[in-house]
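Enquirer: Have a look at this one.
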Amino acid sequence: MQVLRYTAFTADPAGGNPAGVVLDATGADDATMLATAASLGYSETAFLTPPEDGDGDEFGIRYFSPLAEVPFCGHATIATAVAHAERHGPGTLRLRTGAGPVTVTTRAPEDGPVTATLVSVAPRTAPLPAPVLAELLTALRWSADDLDPALPPRVAYGGAWHPVIATPDRARLADLDYDFPALASLMDREGWTTVDLVHRESPTVYHSRNPFPPGGVTEDPATGAAAAAFGGYLRELHLAPTPTTLTIHQGHDMGRPSTITVTLPTDPTTGIAVSGTAVPLCG
């Protein structure tokens with residue numbers, strides 16, 4: 001397999017979230033994909049398989065962290081679409097993910113990097129029971145006083161599950177120092193992919209950090225799946241007008257600034273659009 005290296009949600013190789021990309025993983029078994037992801041050490045690596053007879057124009061895609069397979073990954077989807085567009089031209093890819101069908105469309109401006117927009121599966125939220133919230137706050141070394149009452153804790157889904165925990169204090173978000181084993185154990189038990197810690201700067205601008213111990217990394221610098229889930233959370237709880245477009249800044253506190261654009265359609269049954277650029281990494 002040819003393994004490509006891209007960083008997503010940035011136009012600068014020093015920013016964004018790196019991902020491995022395999023544009024043709026035909027014949028690769030689970031052990032090979034997991035070993036490849038582990039050797040790269042990125043939060044995820046995407047493995048694309050071209051359509052076969054009976055699949056129409058739908059590509060298969062699987063995502064592996066260094067430790068396990070995940071059902072959906074936003075930044076690796078953006079990276080895969082950009083890598084494919086640079087070799088085959090822009091257009092629309094129809095993907096068969098572990099979470100369901102996802103479409104991603106690319107465009108190539110003359111004076112900038114390729115931009116990709118994915119549309120997630122239909123999002124939804126679930127309550128975060130008080131005992132589980134308390135356990136989560138303890139693992140994060142946060143308290144109830146750190147929470148933003150305007151953005152209540154929930155578990156949100158846009159292809160993978162992420163608890164949404166908001167704080168009104170940007171400094172609280174910047175000070176990330178959690179109990180890695182405790183959070184990893186809790187997330188494994190609850191089936192969460194990352195924890196989406198957010199701060200609202202304005203009605204359309206947010207800052208986010210995403211601990212990712214189940215993937216074997218301390219933090220994700222850009223999390224497209226969590227951005228889709230968060231967009232669905234805002235729409236379902238009527239915390240943002242629709243239609244609207246949001247900007248999420250992530251990765252700044254860890255030195256890999258990323259910008260994620262999230263578009264919320266009005267129809268509650270539709271997926272959330274997540275857009276960003278991606279650029280290749282050397283080596």
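Every chain in the structure tokens has a letter given in the order shown (A, B, ...), and although residue numbers restart at 1 in each chain, ligands are simply numbered from 1 in the order shown.
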Within segment 104-253 of chain A, find each residue whose DSSP state, derived from the backbone, is alpha helix (DSSP H), and express the selection as number ranges by chain.

Expert: A: 130-140, 170-174, 180-190, 224-236

Enquirer: Please save N, CA, C and O atoms of the selected residues as a short mmCIF file (atom, residue, chain, number, x, y, z; two decimals), in the first residue's frame.

Expert:
data_model
loop_
_atom_site.label_atom_id
_atom_site.label_comp_id
_atom_site.auth_asym_id
_atom_site.auth_seq_id
_atom_site.Cartn_x
_atom_site.Cartn_y
_atom_site.Cartn_z
N ALA A 130 -26.14 12.43 35.44
CA ALA A 130 -25.37 13.18 36.45
C ALA A 130 -24.19 12.38 37.01
O ALA A 130 -23.09 12.94 37.15
N PRO A 131 -24.33 11.09 37.32
CA PRO A 131 -23.17 10.36 37.84
C PRO A 131 -22.03 10.24 36.82
O PRO A 131 -20.85 10.29 37.19
N VAL A 132 -22.39 10.07 35.56
CA VAL A 132 -21.37 9.97 34.51
C VAL A 132 -20.71 11.32 34.30
O VAL A 132 -19.48 11.40 34.13
N LEU A 133 -21.50 12.40 34.32
CA LEU A 133 -20.93 13.74 34.21
C LEU A 133 -19.96 14.00 35.34
O LEU A 133 -18.86 14.54 35.13
N ALA A 134 -20.33 13.63 36.55
CA ALA A 134 -19.45 13.84 37.70
C ALA A 134 -18.14 13.08 37.53
O ALA A 134 -17.05 13.60 37.83
N GLU A 135 -18.24 11.85 37.03
CA GLU A 135 -17.04 11.04 36.80
C GLU A 135 -16.17 11.67 35.71
O GLU A 135 -14.93 11.71 35.82
N LEU A 136 -16.82 12.20 34.68
CA LEU A 136 -16.09 12.85 33.59
C LEU A 136 -15.37 14.11 34.09
O LEU A 136 -14.19 14.33 33.79
N LEU A 137 -16.07 14.94 34.86
CA LEU A 137 -15.44 16.15 35.39
C LEU A 137 -14.26 15.81 36.30
O LEU A 137 -13.22 16.50 36.26
N THR A 138 -14.39 14.77 37.08
CA THR A 138 -13.28 14.36 37.94
C THR A 138 -12.07 13.95 37.11
O THR A 138 -10.93 14.34 37.41
N ALA A 139 -12.31 13.18 36.04
CA ALA A 139 -11.20 12.75 35.18
C ALA A 139 -10.56 13.94 34.48
O ALA A 139 -9.34 13.96 34.26
N LEU A 140 -11.37 14.94 34.12
CA LEU A 140 -10.85 16.14 33.47
C LEU A 140 -10.16 17.09 34.46
O LEU A 140 -9.46 18.01 34.05
N ARG A 170 -12.28 30.98 28.66
CA ARG A 170 -11.29 30.52 27.68
C ARG A 170 -10.02 30.01 28.38
O ARG A 170 -9.38 29.06 27.89
N ALA A 171 -9.66 30.60 29.52
CA ALA A 171 -8.48 30.14 30.25
C ALA A 171 -8.67 28.72 30.78
O ALA A 171 -7.71 27.95 30.83
N ARG A 172 -9.89 28.36 31.17
CA ARG A 172 -10.16 27.00 31.63
C ARG A 172 -9.93 26.01 30.49
O ARG A 172 -9.37 24.92 30.69
N LEU A 173 -10.35 26.39 29.30
CA LEU A 173 -10.14 25.53 28.14
C LEU A 173 -8.64 25.38 27.84
O LEU A 173 -8.18 24.30 27.47
N ALA A 174 -7.91 26.46 28.00
CA ALA A 174 -6.47 26.43 27.69
C ALA A 174 -5.70 25.55 28.66
O ALA A 174 -4.65 25.00 28.30
N PHE A 180 -5.23 10.79 32.41
CA PHE A 180 -5.30 9.99 31.18
C PHE A 180 -5.90 8.61 31.43
O PHE A 180 -6.85 8.21 30.73
N PRO A 181 -5.39 7.81 32.39
CA PRO A 181 -5.98 6.46 32.57
C PRO A 181 -7.45 6.50 32.95
O PRO A 181 -8.25 5.70 32.46
N ALA A 182 -7.83 7.44 33.83
CA ALA A 182 -9.23 7.51 34.26
C ALA A 182 -10.15 7.89 33.11
O ALA A 182 -11.23 7.31 32.93
N LEU A 183 -9.73 8.87 32.31
CA LEU A 183 -10.57 9.29 31.18
C LEU A 183 -10.62 8.21 30.12
O LEU A 183 -11.69 7.95 29.54
N ALA A 184 -9.50 7.55 29.85
CA ALA A 184 -9.49 6.47 28.87
C ALA A 184 -10.44 5.35 29.27
O ALA A 184 -11.20 4.83 28.45
N SER A 185 -10.44 4.99 30.56
CA SER A 185 -11.32 3.92 31.04
C SER A 185 -12.78 4.33 30.92
O SER A 185 -13.63 3.53 30.47
N LEU A 186 -13.10 5.55 31.30
CA LEU A 186 -14.48 6.04 31.21
C LEU A 186 -14.95 6.06 29.78
O LEU A 186 -16.07 5.61 29.46
N MET A 187 -14.12 6.57 28.87
CA MET A 187 -14.52 6.68 27.47
C MET A 187 -14.70 5.32 26.83
O MET A 187 -15.61 5.12 26.02
N ASP A 188 -13.85 4.38 27.19
CA ASP A 188 -13.99 3.02 26.67
C ASP A 188 -15.30 2.40 27.14
O ASP A 188 -16.03 1.76 26.37
N ARG A 189 -15.63 2.61 28.41
CA ARG A 189 -16.88 2.06 28.96
C ARG A 189 -18.11 2.67 28.29
O ARG A 189 -19.09 1.97 28.00
N GLU A 190 -18.06 3.99 28.01
CA GLU A 190 -19.22 4.69 27.48
C GLU A 190 -19.29 4.68 25.96
O GLU A 190 -20.30 5.07 25.39
N GLY A 224 -13.08 16.60 13.07
CA GLY A 224 -14.23 16.86 12.22
C GLY A 224 -15.48 16.14 12.66
O GLY A 224 -16.60 16.67 12.57
N ALA A 225 -15.34 14.91 13.18
CA ALA A 225 -16.51 14.17 13.65
C ALA A 225 -17.14 14.87 14.85
O ALA A 225 -18.38 14.94 14.97
N ALA A 226 -16.31 15.38 15.76
CA ALA A 226 -16.84 16.11 16.91
C ALA A 226 -17.48 17.43 16.47
O ALA A 226 -18.49 17.86 17.05
N ALA A 227 -16.92 18.06 15.45
CA ALA A 227 -17.51 19.30 14.93
C ALA A 227 -18.90 19.04 14.36
O ALA A 227 -19.83 19.83 14.57
N ALA A 228 -19.06 17.93 13.64
CA ALA A 228 -20.38 17.57 13.11
C ALA A 228 -21.35 17.29 14.25
O ALA A 228 -22.50 17.74 14.24
N ALA A 229 -20.89 16.54 15.25
CA ALA A 229 -21.74 16.25 16.40
C ALA A 229 -22.13 17.52 17.14
O ALA A 229 -23.29 17.67 17.56
N PHE A 230 -21.18 18.43 17.29
CA PHE A 230 -21.46 19.69 17.99
C PHE A 230 -22.46 20.54 17.20
O PHE A 230 -23.37 21.15 17.80
N GLY A 231 -22.32 20.56 15.88
CA GLY A 231 -23.31 21.28 15.07
C GLY A 231 -24.70 20.72 15.25
O GLY A 231 -25.68 21.46 15.38
N GLY A 232 -24.81 19.38 15.29
CA GLY A 232 -26.12 18.76 15.53
C GLY A 232 -26.65 19.08 16.90
O GLY A 232 -27.86 19.29 17.09
N TYR A 233 -25.77 19.09 17.89
CA TYR A 233 -26.14 19.46 19.27
C TYR A 233 -26.73 20.88 19.31
O TYR A 233 -27.80 21.11 19.91
N LEU A 234 -26.06 21.82 18.68
CA LEU A 234 -26.55 23.21 18.68
C LEU A 234 -27.91 23.31 17.99
O LEU A 234 -28.81 24.03 18.46
N ARG A 235 -28.07 22.60 16.88
CA ARG A 235 -29.33 22.65 16.15
C ARG A 235 -30.45 21.99 16.94
O ARG A 235 -31.55 22.56 17.07
N GLU A 236 -30.20 20.80 17.49
CA GLU A 236 -31.25 20.07 18.19
C GLU A 236 -31.73 20.80 19.45
O GLU A 236 -32.92 20.80 19.77
#

Enquirer: Using only C-alpha atoms, find each residue of segment 176-228 of chain A with at least one atom at most 12 Å away from an atom of segment 7-18 of chain A; report its shortest atom-to-atom pair and that distance in Å (one decimal), sort the rows by chain and rising residue number, and return the result as CSV.

Expert:
residue,atom,partner,partner_atom,distance
A:Asn210,CA,A:Asn17,CA,11.6
A:Val217,CA,A:Asn17,CA,12.0
A:Glu219,CA,A:Asn17,CA,10.2
A:Asp220,CA,A:Asn17,CA,7.0
A:Pro221,CA,A:Asn17,CA,5.2
A:Ala222,CA,A:Asn17,CA,5.3
A:Thr223,CA,A:Asn17,CA,7.9
A:Gly224,CA,A:Phe9,CA,8.6
A:Ala227,CA,A:Phe9,CA,11.6

Enquirer: Segment 160-205 of chain A near segment 69-79 of chain A within 10 Å: what's each residue's closest atom pair and its distance in Å to one decimal, counting only C-alpha atoms, ordered by chain then ascending residue number, as a tab-separated table?

Expert:
residue	atom	partner	partner_atom	distance
A:Ala160	CA	A:Phe72	CA	6.2
A:Trp161	CA	A:Pro71	CA	9.8
A:Thr193	CA	A:Val70	CA	7.7

Enquirer: Would you kindly return, as a list in words, each protein, DNA or RNA residue with an atom no farther than 10 Å from any atom of Val155 of chain A, considering only C-alpha atoms and excluding same-chain residues fewer than 5 positions away?

Expert: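 Skipping anything fewer than 5 positions along the chain leaves Arg124, Thr125, Ala126, Pro127, Leu128, Pro129, Trp161, His162, Pro163, Val164, Ile165, Trp192, Val195, Asp196, Ala229, Phe230 and Tyr233 of chain A.
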
Enquirer: Generate the output file for the selected residues, N, CA, C and O atoms, as a PDB file, in the first residue's frame.

Expert:
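Final output, again-v2.pdb:
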ATOM      1  N   ARG A 124     -27.513  13.303  16.304  1.00  0.00           N
ATOM      2  CA  ARG A 124     -28.485  13.216  17.393  1.00  0.00           C
ATOM      3  C   ARG A 124     -27.730  13.416  18.714  1.00  0.00           C
ATOM      4  O   ARG A 124     -26.504  13.379  18.749  1.00  0.00           O
ATOM      5  N   THR A 125     -28.479  13.626  19.770  1.00  0.00           N
ATOM      6  CA  THR A 125     -27.881  13.772  21.093  1.00  0.00           C
ATOM      7  C   THR A 125     -28.564  12.838  22.077  1.00  0.00           C
ATOM      8  O   THR A 125     -29.644  12.304  21.809  1.00  0.00           O
ATOM      9  N   ALA A 126     -27.905  12.666  23.217  1.00  0.00           N
ATOM     10  CA  ALA A 126     -28.457  11.852  24.300  1.00  0.00           C
ATOM     11  C   ALA A 126     -28.101  12.525  25.621  1.00  0.00           C
ATOM     12  O   ALA A 126     -27.102  13.257  25.704  1.00  0.00           O
ATOM     13  N   PRO A 127     -28.891  12.302  26.664  1.00  0.00           N
ATOM     14  CA  PRO A 127     -28.565  12.893  27.965  1.00  0.00           C
ATOM     15  C   PRO A 127     -27.227  12.365  28.492  1.00  0.00           C
ATOM     16  O   PRO A 127     -26.806  11.251  28.165  1.00  0.00           O
ATOM     17  N   LEU A 128     -26.587  13.177  29.298  1.00  0.00           N
ATOM     18  CA  LEU A 128     -25.373  12.770  30.009  1.00  0.00           C
ATOM     19  C   LEU A 128     -25.753  12.652  31.477  1.00  0.00           C
ATOM     20  O   LEU A 128     -25.900  13.657  32.173  1.00  0.00           O
ATOM     21  N   PRO A 129     -25.989  11.429  31.974  1.00  0.00           N
ATOM     22  CA  PRO A 129     -26.475  11.260  33.351  1.00  0.00           C
ATOM     23  C   PRO A 129     -25.542  11.921  34.366  1.00  0.00           C
ATOM     24  O   PRO A 129     -24.318  11.950  34.188  1.00  0.00           O
ATOM     25  N   TRP A 161     -19.665   9.138  18.884  1.00  0.00           N
ATOM     26  CA  TRP A 161     -20.214   9.784  20.067  1.00  0.00           C
ATOM     27  C   TRP A 161     -19.149  10.610  20.797  1.00  0.00           C
ATOM     28  O   TRP A 161     -18.019  10.151  20.986  1.00  0.00           O
ATOM     29  N   HIS A 162     -19.554  11.821  21.205  1.00  0.00           N
ATOM     30  CA  HIS A 162     -18.661  12.741  21.903  1.00  0.00           C
ATOM     31  C   HIS A 162     -19.463  13.475  22.982  1.00  0.00           C
ATOM     32  O   HIS A 162     -20.462  14.141  22.648  1.00  0.00           O
ATOM     33  N   PRO A 163     -19.083  13.414  24.244  1.00  0.00           N
ATOM     34  CA  PRO A 163     -19.717  14.307  25.209  1.00  0.00           C
ATOM     35  C   PRO A 163     -19.308  15.744  24.917  1.00  0.00           C
ATOM     36  O   PRO A 163     -18.141  16.024  24.600  1.00  0.00           O
ATOM     37  N   VAL A 164     -20.274  16.643  24.999  1.00  0.00           N
ATOM     38  CA  VAL A 164     -20.028  18.073  24.802  1.00  0.00           C
ATOM     39  C   VAL A 164     -20.012  18.738  26.174  1.00  0.00           C
ATOM     40  O   VAL A 164     -21.013  18.712  26.900  1.00  0.00           O
ATOM     41  N   ILE A 165     -18.863  19.318  26.517  1.00  0.00           N
ATOM     42  CA  ILE A 165     -18.682  19.976  27.802  1.00  0.00           C
ATOM     43  C   ILE A 165     -18.194  21.390  27.528  1.00  0.00           C
ATOM     44  O   ILE A 165     -17.103  21.581  26.969  1.00  0.00           O
ATOM     45  N   TRP A 192     -17.298   6.482  23.871  1.00  0.00           N
ATOM     46  CA  TRP A 192     -17.030   7.820  23.344  1.00  0.00           C
ATOM     47  C   TRP A 192     -15.728   7.815  22.550  1.00  0.00           C
ATOM     48  O   TRP A 192     -14.765   7.135  22.918  1.00  0.00           O
ATOM     49  N   VAL A 195     -13.680  13.655  23.757  1.00  0.00           N
ATOM     50  CA  VAL A 195     -14.486  14.569  24.573  1.00  0.00           C
ATOM     51  C   VAL A 195     -14.376  15.943  23.937  1.00  0.00           C
ATOM     52  O   VAL A 195     -13.268  16.459  23.730  1.00  0.00           O
ATOM     53  N   ASP A 196     -15.513  16.547  23.604  1.00  0.00           N
ATOM     54  CA  ASP A 196     -15.527  17.844  22.930  1.00  0.00           C
ATOM     55  C   ASP A 196     -15.664  18.943  23.975  1.00  0.00           C
ATOM     56  O   ASP A 196     -16.767  19.236  24.455  1.00  0.00           O
ATOM     57  N   ALA A 229     -20.887  16.544  15.250  1.00  0.00           N
ATOM     58  CA  ALA A 229     -21.741  16.247  16.402  1.00  0.00           C
ATOM     59  C   ALA A 229     -22.133  17.519  17.141  1.00  0.00           C
ATOM     60  O   ALA A 229     -23.293  17.674  17.564  1.00  0.00           O
ATOM     61  N   PHE A 230     -21.182  18.430  17.290  1.00  0.00           N
ATOM     62  CA  PHE A 230     -21.464  19.686  17.989  1.00  0.00           C
ATOM     63  C   PHE A 230     -22.464  20.536  17.204  1.00  0.00           C
ATOM     64  O   PHE A 230     -23.367  21.149  17.796  1.00  0.00           O
ATOM     65  N   TYR A 233     -25.770  19.094  17.890  1.00  0.00           N
ATOM     66  CA  TYR A 233     -26.142  19.464  19.271  1.00  0.00           C
ATOM     67  C   TYR A 233     -26.734  20.877  19.314  1.00  0.00           C
ATOM     68  O   TYR A 233     -27.804  21.111  19.911  1.00  0.00           O
TER      69      TYR A 233
END

Enquirer: Using Å and a single decimal, report how far atom CA of Leu23 of chain A sits from atom CA of Thr49 of chain A.

Expert: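 Interatomic distance here is 6.9 Å.
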
Enquirer: Write down as a PyMOL selection string the residues belonging to segment 94-245 of chain A that are assigned strand (DSSP E or B) by DSSP computed on the backbone.

Expert: chain A and resi 94-97+100-107+115-119+124-127+154-157+161-166+196-202+205-212+217-220+244-245

Enquirer: Report, in Å to a single decimal, how far apart atom CA of Ala37 of chain A and atom CA of Val198 of chain A are.

Expert: 27.8 Å

Enquirer: Calculated over only C-alpha atoms, which of the candidates A:Gly255, A:Pro101, A:Phe47, A:Tyr6 has the smallest distance to Val82 of chain A?

Expert: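 The shortest atom-to-atom distance to Val82 of chain A comes from A:Tyr6.
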
Enquirer: Name all residues at most 10 Å from Ala122 of chain A (count only C-alpha atoms; drop same-chain ones fewer than 4 positions away) and give them as number ranges by chain.

Expert: A: 99-102, 157-159, 228-229, 232, 268-272
